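Enquirer: File follows, upload_9.tsv with TSV, C-alpha atoms and all ligand atoms:
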```tsv
chain	number	residue	atom	x	y	z
A	156	MET	CA	-1.41	-13.77	-24.54
A	157	ILE	CA	-3.44	-10.59	-24.27
A	158	ALA	CA	-7.18	-11.12	-24.83
A	159	LEU	CA	-8.53	-8.13	-26.77
A	160	LYS	CA	-12.18	-7.35	-26.04
A	161	SER	CA	-14.90	-6.65	-28.60
A	162	ALA	CA	-17.21	-3.65	-28.24
A	163	ARG	CA	-19.88	-6.05	-27.00
A	164	GLU	CA	-17.57	-7.51	-24.35
A	165	ILE	CA	-16.55	-4.04	-23.24
A	166	GLU	CA	-20.21	-3.18	-22.67
A	167	ILE	CA	-20.61	-6.26	-20.44
A	168	MET	CA	-17.47	-5.23	-18.56
A	169	ARG	CA	-18.98	-1.77	-18.20
A	170	ARG	CA	-21.98	-3.31	-16.43
A	171	ALA	CA	-19.72	-5.32	-14.10
A	172	ASN	CA	-17.70	-2.25	-13.27
A	173	VAL	CA	-20.75	-0.04	-12.70
A	174	ILE	CA	-21.83	-2.51	-10.00
A	175	VAL	CA	-18.37	-2.22	-8.42
A	176	ALA	CA	-18.60	1.57	-8.61
A	177	GLU	CA	-22.05	1.62	-7.02
A	178	VAL	CA	-20.80	-0.54	-4.16
A	179	LEU	CA	-17.73	1.63	-3.61
A	180	GLN	CA	-19.84	4.81	-3.69
A	181	GLU	CA	-22.13	3.37	-1.01
A	182	LEU	CA	-19.20	2.16	1.12
A	183	LYS	CA	-17.53	5.56	0.88
A	184	GLN	CA	-20.69	7.18	2.24
A	185	ARG	CA	-20.90	4.65	5.07
A	186	VAL	CA	-17.29	5.06	6.21
A	187	ALA	CA	-17.28	6.83	9.59
A	188	PRO	CA	-15.74	6.35	13.03
A	189	GLY	CA	-17.21	3.22	14.67
A	190	ILE	CA	-18.15	1.20	11.59
A	191	THR	CA	-16.16	-2.00	11.12
A	192	THR	CA	-14.69	-3.22	7.86
A	193	LEU	CA	-16.74	-6.41	8.32
A	194	ASP	CA	-19.88	-4.20	8.29
A	195	LEU	CA	-18.66	-2.76	4.97
A	196	ASP	CA	-17.97	-6.26	3.65
A	197	ALA	CA	-21.56	-7.31	4.42
A	198	ILE	CA	-22.99	-4.25	2.66
A	199	ALA	CA	-20.85	-4.96	-0.41
A	200	GLU	CA	-21.91	-8.61	-0.56
A	201	GLU	CA	-25.62	-7.81	-0.23
A	202	MET	CA	-25.52	-5.07	-2.89
A	203	THR	CA	-23.66	-7.36	-5.28
A	204	LEU	CA	-26.01	-10.32	-4.93
A	205	SER	CA	-29.06	-8.06	-5.30
A	206	ARG	CA	-27.62	-6.93	-8.66
A	207	LYS	CA	-27.23	-10.54	-9.82
A	208	ALA	CA	-23.46	-10.38	-9.68
A	209	ILE	CA	-20.92	-12.48	-7.77
A	210	PRO	CA	-18.33	-11.05	-5.36
A	211	ALA	CA	-15.05	-11.73	-7.15
A	212	PHE	CA	-12.53	-11.84	-4.31
A	213	LYS	CA	-14.30	-14.21	-1.87
A	214	GLY	CA	-12.72	-17.62	-2.45
A	215	TYR	CA	-10.19	-16.21	-4.93
A	216	ASN	CA	-7.05	-18.33	-5.03
A	217	VAL	CA	-3.62	-16.69	-5.19
A	218	ALA	CA	-0.82	-19.27	-5.12
A	219	GLY	CA	-2.90	-21.69	-3.06
A	220	ARG	CA	-4.22	-19.12	-0.58
A	221	ILE	CA	-7.96	-18.53	-0.53
A	222	TYR	CA	-9.11	-14.96	0.15
A	223	PRO	CA	-11.83	-15.18	2.84
A	224	ARG	CA	-14.00	-12.08	2.23
A	225	CYS	CA	-15.66	-10.03	-0.51
A	226	LEU	CA	-13.91	-6.72	0.19
A	227	CYS	CA	-10.28	-5.79	0.74
A	228	ALA	CA	-10.08	-3.07	3.41
A	229	SER	CA	-6.61	-1.73	4.15
A	230	VAL	CA	-6.17	0.72	7.05
A	231	ASN	CA	-3.34	3.30	7.41
A	232	ASP	CA	0.00	1.49	6.81
A	233	GLU	CA	-1.83	-1.41	5.14
A	234	ILE	CA	-1.30	-1.04	1.39
A	235	VAL	CA	-3.63	-3.68	-0.11
A	236	HIS	CA	-5.38	-6.97	0.67
A	237	GLY	CA	-6.39	-6.06	4.23
A	238	ILE	CA	-8.96	-8.61	5.46
A	239	PRO	CA	-12.18	-7.12	6.89
A	240	SER	CA	-12.32	-7.41	10.69
A	241	ASN	CA	-14.48	-6.35	13.61
A	242	ARG	CA	-12.08	-3.61	14.66
A	243	PRO	CA	-13.98	-0.30	14.35
A	244	LEU	CA	-12.54	2.42	12.12
A	245	ARG	CA	-11.36	5.47	14.06
A	246	GLU	CA	-11.38	9.18	13.34
A	247	GLY	CA	-8.17	10.05	11.48
A	248	ASP	CA	-7.71	6.64	9.82
A	249	ILE	CA	-7.53	6.22	6.08
A	250	VAL	CA	-9.04	3.05	4.62
A	251	GLY	CA	-8.43	1.56	1.18
A	252	LEU	CA	-11.53	-0.18	-0.20
A	253	ASP	CA	-10.81	-2.56	-3.08
A	254	TYR	CA	-13.75	-4.40	-4.65
A	255	GLY	CA	-14.47	-6.74	-7.54
A	256	VAL	CA	-17.42	-8.60	-9.03
A	257	ILE	CA	-18.17	-11.07	-11.79
A	258	TYR	CA	-21.14	-10.18	-13.97
A	259	ASP	CA	-22.20	-12.15	-17.06
A	260	GLY	CA	-18.81	-13.90	-17.10
A	261	PHE	CA	-16.65	-10.77	-16.86
A	262	TYR	CA	-14.79	-9.15	-13.99
A	263	GLY	CA	-14.94	-5.60	-12.68
A	264	ASP	CA	-12.28	-4.25	-10.29
A	265	SER	CA	-11.83	-0.85	-8.67
A	266	ALA	CA	-10.52	0.71	-5.47
A	267	LEU	CA	-10.34	3.97	-3.62
A	268	THR	CA	-8.96	5.22	-0.32
A	269	VAL	CA	-11.22	7.15	2.01
A	270	ALA	CA	-10.65	9.40	5.03
A	271	VAL	CA	-12.41	8.36	8.25
A	272	GLY	CA	-13.80	11.59	9.67
A	273	LYS	CA	-11.21	14.34	9.78
A	274	VAL	CA	-7.67	13.23	8.90
A	275	SER	CA	-4.27	14.93	9.08
A	276	ALA	CA	-3.21	17.26	6.27
A	277	ALA	CA	-0.47	14.76	5.46
A	278	ALA	CA	-2.98	11.93	5.01
A	279	GLN	CA	-5.29	14.13	2.93
A	280	ARG	CA	-2.42	15.09	0.63
A	281	LEU	CA	-1.45	11.43	0.17
A	282	LEU	CA	-5.02	10.61	-0.94
A	283	GLU	CA	-5.09	13.52	-3.39
A	284	VAL	CA	-1.70	12.76	-4.93
A	285	THR	CA	-2.41	9.04	-5.30
A	286	GLU	CA	-5.77	9.66	-6.99
A	287	ALA	CA	-4.18	12.30	-9.24
A	288	SER	CA	-1.46	9.80	-10.22
A	289	LEU	CA	-4.16	7.31	-11.27
A	290	TYR	CA	-5.98	9.83	-13.47
A	291	ALA	CA	-2.75	11.11	-15.02
A	292	GLY	CA	-1.82	7.51	-15.80
A	293	ILE	CA	-5.24	6.87	-17.36
A	294	GLU	CA	-4.72	9.84	-19.70
A	295	GLN	CA	-1.81	7.90	-21.21
A	296	LEU	CA	-4.08	5.04	-22.29
A	297	HIS	CA	-4.33	5.82	-25.99
A	298	GLU	CA	-3.70	3.44	-28.83
A	299	GLY	CA	-0.05	3.59	-29.88
A	300	LYS	CA	1.22	4.73	-26.48
A	301	ARG	CA	3.20	2.25	-24.38
A	302	LEU	CA	2.89	0.81	-20.88
A	303	GLY	CA	6.08	2.64	-19.88
A	304	ASP	CA	4.33	5.95	-20.63
A	305	LEU	CA	1.68	5.04	-18.07
A	306	GLY	CA	4.16	3.81	-15.45
A	307	ALA	CA	6.49	6.78	-15.83
A	308	THR	CA	3.58	9.23	-15.51
A	309	VAL	CA	2.24	7.66	-12.31
A	310	GLN	CA	5.72	7.36	-10.82
A	311	LYS	CA	6.64	10.98	-11.55
A	312	ILE	CA	3.55	12.37	-9.83
A	313	ALA	CA	4.09	10.22	-6.73
A	314	GLU	CA	7.83	10.84	-6.51
A	315	ASP	CA	7.59	14.59	-7.21
A	316	ALA	CA	5.33	14.75	-4.15
A	317	GLY	CA	8.04	13.01	-2.09
A	318	TYR	CA	6.32	9.61	-2.00
A	319	SER	CA	7.26	6.19	-3.36
A	320	VAL	CA	5.45	3.79	-5.65
A	321	VAL	CA	5.04	0.17	-4.59
A	322	ARG	CA	6.91	-2.31	-6.82
A	323	ALA	CA	5.76	-5.61	-5.30
A	324	PHE	CA	2.22	-5.27	-6.67
A	325	VAL	CA	1.14	-4.03	-10.08
A	326	GLY	CA	-2.02	-3.53	-12.11
A	327	HIS	CA	-3.20	-6.09	-14.64
A	328	GLY	CA	-5.25	-6.90	-17.66
A	329	ILE	CA	-8.83	-7.86	-16.76
A	330	GLY	CA	-11.67	-9.66	-18.55
A	331	LYS	CA	-12.97	-13.22	-18.20
A	332	ARG	CA	-10.30	-13.54	-15.51
A	333	LEU	CA	-9.47	-11.08	-12.72
A	334	HIS	CA	-5.77	-11.08	-13.48
A	335	GLU	CA	-4.88	-11.27	-17.15
A	336	GLU	CA	-1.87	-10.26	-19.17
A	337	PRO	CA	-0.24	-7.78	-19.22
A	338	PRO	CA	1.14	-6.76	-15.83
A	339	VAL	CA	0.73	-2.98	-15.46
A	340	PRO	CA	3.49	-1.47	-13.28
A	341	ASN	CA	3.10	1.97	-11.71
A	342	TYR	CA	6.70	2.79	-12.56
A	343	GLY	CA	8.75	2.67	-15.72
A	344	GLU	CA	10.26	4.62	-18.57
A	345	LYS	CA	8.57	6.58	-21.32
A	346	ASP	CA	8.56	4.96	-24.79
A	347	ARG	CA	9.24	1.52	-23.32
A	348	GLY	CA	7.16	-1.57	-22.89
A	349	LEU	CA	4.08	-2.99	-24.52
A	350	ARG	CA	2.32	-0.89	-27.16
A	351	LEU	CA	-1.33	-0.21	-26.33
A	352	LYS	CA	-4.08	-1.42	-28.65
A	353	GLU	CA	-7.79	-0.89	-29.02
A	354	GLY	CA	-9.67	-3.62	-27.11
A	355	MET	CA	-7.20	-3.93	-24.25
A	356	VAL	CA	-8.83	-3.58	-20.82
A	357	LEU	CA	-6.48	-2.73	-17.98
A	358	ALA	CA	-6.89	-2.40	-14.21
A	359	VAL	CA	-4.56	0.45	-13.27
A	360	GLU	CA	-3.93	0.59	-9.52
A	361	PRO	CA	-1.22	2.82	-8.09
A	362	MET	CA	-0.20	2.04	-4.50
A	363	VAL	CA	1.69	5.00	-3.05
A	364	ASN	CA	3.61	5.09	0.26
A	365	VAL	CA	4.61	8.16	2.25
A	366	GLY	CA	7.91	6.43	3.07
A	367	GLY	CA	9.81	3.71	1.21
A	368	TYR	CA	8.26	1.39	-1.35
A	369	GLU	CA	9.14	-1.85	0.46
A	370	VAL	CA	6.28	-4.08	1.60
A	371	GLU	CA	5.84	-6.81	4.16
A	372	ILE	CA	3.08	-9.42	4.35
A	373	LYS	CA	1.44	-9.91	7.74
A	374	ASP	CA	0.99	-13.32	9.39
A	375	ASP	CA	-2.56	-13.60	8.00
A	376	GLY	CA	-0.86	-14.31	4.66
A	377	TRP	CA	-2.64	-11.44	2.85
A	378	THR	CA	-2.32	-8.00	4.39
A	379	ALA	CA	0.47	-6.07	2.69
A	380	VAL	CA	1.88	-3.28	4.89
A	381	THR	CA	4.62	-0.72	4.39
A	382	ARG	CA	7.87	-2.03	5.85
A	383	ASP	CA	8.62	1.33	7.49
A	384	GLY	CA	5.12	1.71	8.93
A	385	SER	CA	4.35	4.79	6.81
A	386	LEU	CA	0.86	5.53	5.45
A	387	ALA	CA	-0.18	4.08	2.10
A	388	ALA	CA	-2.99	4.82	-0.37
A	389	HIS	CA	-4.45	2.85	-3.29
A	390	PHE	CA	-6.77	3.88	-6.11
A	391	GLU	CA	-7.84	1.66	-9.01
A	392	HIS	CA	-9.98	1.81	-12.14
A	393	SER	CA	-10.67	-0.70	-14.91
A	394	ILE	CA	-10.23	1.05	-18.26
A	395	ALA	CA	-10.88	0.00	-21.85
A	396	ILE	CA	-8.65	1.36	-24.60
A	397	THR	CA	-10.91	2.50	-27.44
A	398	LYS	CA	-10.53	4.35	-30.72
A	399	ASN	CA	-11.72	7.43	-28.83
A	400	GLY	CA	-9.22	7.01	-26.00
A	401	PRO	CA	-9.55	5.64	-22.47
A	402	TYR	CA	-13.03	4.54	-21.33
A	403	ILE	CA	-13.11	4.35	-17.50
A	404	LEU	CA	-15.49	1.45	-16.98
A	405	SER	CA	-15.56	1.73	-13.18
A	406	GLN	CA	-16.55	5.41	-13.03
A	407	LEU	CA	-20.25	6.32	-12.59
B	501	LIG	N1	-7.93	-5.47	-6.74
B	501	LIG	C1	-7.07	-6.53	-6.25
B	501	LIG	C2	-6.21	-6.97	-7.40
B	501	LIG	O1	-6.36	-6.47	-8.45
B	501	LIG	C3	-7.89	-7.56	-5.62
B	501	LIG	C4	-7.35	-8.90	-5.42
B	501	LIG	S1	-7.72	-9.42	-3.85
B	501	LIG	C5	-7.89	-11.08	-3.93
B	501	LIG	O2	-5.34	-7.76	-7.32
B	501	LIG	F1	-8.20	-11.45	-2.79
B	501	LIG	F2	-8.85	-11.36	-4.72
B	501	LIG	F3	-6.78	-11.61	-4.34
B	502	CO	CO	-6.86	-5.04	-9.45
```
Output the file's structure in the form of structure tokens.
Expert:
Amino acid sequence: MIALKSAREIEIMRRANVIVAEVLQELKQRVAPGITTLDLDAIAEEMTLSRKAIPAFKGYNVAGRIYPRCLCASVNDEIVHGIPSNRPLREGDIVGLDYGVIYDGFYGDSALTVAVGKVSAAAQRLLEVTEASLYAGIEQLHEGKRLGDLGATVQKIAEDAGYSVVRAFVGHGIGKRLHEEPPVPNYGEKDRGLRLKEGMVLAVEPMVNVGGYEVEIKDDGWTAVTRDGSLAAHFEHSIAITKNGPYILSQL
């Protein structure tokens, strides 16, 4: 069942997502050679608690596995769900920062991928294309359009650039739970799939690989990496579908 949100609920979700956006903006500014992803995790936790919100991922249970930290930080060939560690970031790395909070009973969820210092032209282009694919997908989020319109749009931008779109993970509805119906794939066919309605709130999160779309999970049980070792990027926003079109809740 898809839980449609009232205007009042959407405004609460806006507040949750603004906190996520503020945290991600601060983390983006702090990313530099030498900082560790555990340092970033600590900053995120402190900022969240000081805003009277709860980090959403710490203790989150996926199929019996408990996520140990507040932030997901995924470096280079890590696609998503990288666990913060005390390994310092290095010049030339790219790092995906995925963050979520609970505020007043509702979840916020957003992600971006950031260059550490100066990165290769190839890495820079991957970041730009992946972010562009997210925004092009968001433009499809109008009442009456279908989920396949979103997926096909994201997929075309990634594949036209020579990249592939991850299949093993998808976006999701979001609200009183982090992962709600419907699943939101970043691939698909125009005019297919669920029809979009006012009051739906979706977390759209393209994961784009330079090489093939296949993923592997590391021995830590969480970190998803590209099977071929190629670079990967991830961008995510939580978006409400309104009468006036898409409302990006996680954008400042
Ligand atoms: N943004 C991710 C998602 O939408 C975060 C989940 S990480 C977890 O699935 F640890 F909480 F599972
Ligand atoms: Co998400």
Enquirer: To one decimal in Å, tell me the separation between atom CA of A:Asp375 and atom F1 of ligand LIG 501 (chain B).
Expert: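 Taking atom CA of A:Asp375 as the start and atom F1 of ligand LIG 501 (chain B) as the end point, the length is 12.4 Å.
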Enquirer: Taking into account all atoms listed in the file, which residue in the set A:Tyr402, A:Phe324, A:Tyr368, A:Tyr318 is nearest to ligand LIG 501 (chain B)?
Expert: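 Going through A:Tyr402, A:Phe324, A:Tyr368, A:Tyr318 one by one, the smallest distance to ligand LIG 501 (chain B) is for A:Phe324.
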Enquirer: Using all atoms listed in the file for the distances, tell me which of A:Leu357, A:Val178, A:Val269, A:Val173 is nearest to A:Ala158.
Expert: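 Nearest to A:Ala158: A:Leu357.
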Enquirer: List all protein, DNA and RNA residues that have an atom no more than 6 Å from any atom of ligand LIG 501 (chain B), counting only C-alpha atoms and all ligand atoms, and report them as a compact mmCIF listing (two decimals) with C-alpha atoms, keeping the file's coordinate frame.
Expert:
```txt
# COMPACT_ATOMS: atom_id res chain seq x y z
CA PHE A 212 -12.53 -11.84 -4.31
CA TYR A 215 -10.19 -16.21 -4.93
CA TYR A 222 -9.11 -14.96 0.15
CA HIS A 236 -5.38 -6.97 0.67
CA ASP A 253 -10.81 -2.56 -3.08
CA ASP A 264 -12.28 -4.25 -10.29
```
Enquirer: Please identify all polymer residues within 12 Å of A:Ile174, counting all atoms listed in the file, omitting same-chain residues fewer than 2 positions from it, and present them as a ChimeraX atom specification.
Expert: /A:167-172,176-181,199-211,254-259,261-265,404-407
Enquirer: Hey, what's within 8 Å of stretch 295-308 of chain A if we count only C-alpha atoms and toss same-chain stuff fewer than 4 positions away? As a list in words, please?
Expert: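 Listed by chain and then number, they are Ser288, Ala291, Ile312, Val339, Pro340, Asn341, Tyr342, Gly343, Glu344, Lys345, Asp346, Arg347, Gly348, Leu349, Arg350, Leu351, Lys352, Glu353, Ile396, Thr397, Lys398, Gly400 and Pro401 of chain A.
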Enquirer: Given the choices A:Gly330, A:Gly367, A:Gly354, A:Gly376, which gets closest to ligand CO 502 (chain B) if the distance is worked out from all atoms listed in the file?
Expert: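 Among the listed residues, the smallest separation from ligand CO 502 (chain B) belongs to A:Gly330.
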Enquirer: Quick check, in Å to one decimal: how far apart do atom CA of A:Pro337 and atom CA of A:Lys311 lie?
Expert: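 Separation between atom CA of A:Pro337 and atom CA of A:Lys311: 21.4 Å.
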Enquirer: Point out the residue among A:Glu294, A:Ala276, A:Trp377, A:Glu391 with the least atom-to-atom distance to A:Arg220, counting all atoms listed in the file.
Expert: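 The shortest atom-to-atom distance to A:Arg220 comes from A:Trp377.
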Enquirer: Calculated over all atoms listed in the file, which of the candidates A:Leu289, A:Ile234, A:Ala316, A:Leu193 has the smallest distance to A:Pro361?
Expert: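 Residue with the minimum atom-to-atom distance to A:Pro361: A:Leu289.
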Enquirer: Between A:Leu252, A:Val274, A:Asn364, A:Val370, which one has atoms that come closest to ligand CO 502 (chain B), using all atoms listed in the file?
Expert: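 Distance minimum relative to ligand CO 502 (chain B) lands on A:Leu252.
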Enquirer: Using only C-alpha atoms, determine which residues lie at most 6 Å from A:Lys213, disregarding the query and same-chain residues fewer than 5 positions distant; provide the list as a list in words.
Expert: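 What passes the distance filter is Tyr222, Pro223, Arg224 and Cys225 of chain A.
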Enquirer: Hey, can you check how far atom CA of A:Gly326 sits from atom CA of A:Ala277?
Expert: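 Separation between atom CA of A:Gly326 and atom CA of A:Ala277: 25.4 Å.
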Enquirer: Using all atoms listed in the file, which protein or nucleic acid residues come within 8 Å of A:Glu369? Drop anything in the same chain fewer than 2 positions from it, and give the result as a list in words.
Expert: Val321, Arg322, Ala323, Gly367, Glu371, Thr381, Arg382 and Asp383 of chain A
Enquirer: Could you give me, as a compact mmCIF listing (two decimals) with C-alpha atoms, in the coordinates of the input, the residues that have an atom at most 7 Å away from the point (0.6, -11.7, -25.3) in the coordinates of the file, using only C-alpha atoms?
Expert:
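What ended up in point-v8.txt:
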```
# COMPACT_ATOMS: atom_id res chain seq x y z
CA MET A 156 -1.41 -13.77 -24.54
CA ILE A 157 -3.44 -10.59 -24.27
CA GLU A 336 -1.87 -10.26 -19.17
```
Enquirer: Return as lines of an AutoDock Vina configuration file the box centre and box size in Å, one decimal, for an axis-aligned box around all listed atoms of stretch 183-196 of chain A padded by 6 Å per side.
Expert:
```
center_x = -17.8
center_y = 0.4
center_z = 7.8
size_x = 18.2
size_y = 25.6
size_z = 25.8
```
Enquirer: Can you pull out every residue within 12 Å of A:Asn231, counting only C-alpha atoms, but drop anything in the same chain fewer than 3 positions away, and send it as a PyMOL selection string?
Expert: chain A and resi 228+234-235+237+244-252+268-271+274-275+277-279+281-282+363-365+378-381+384-389
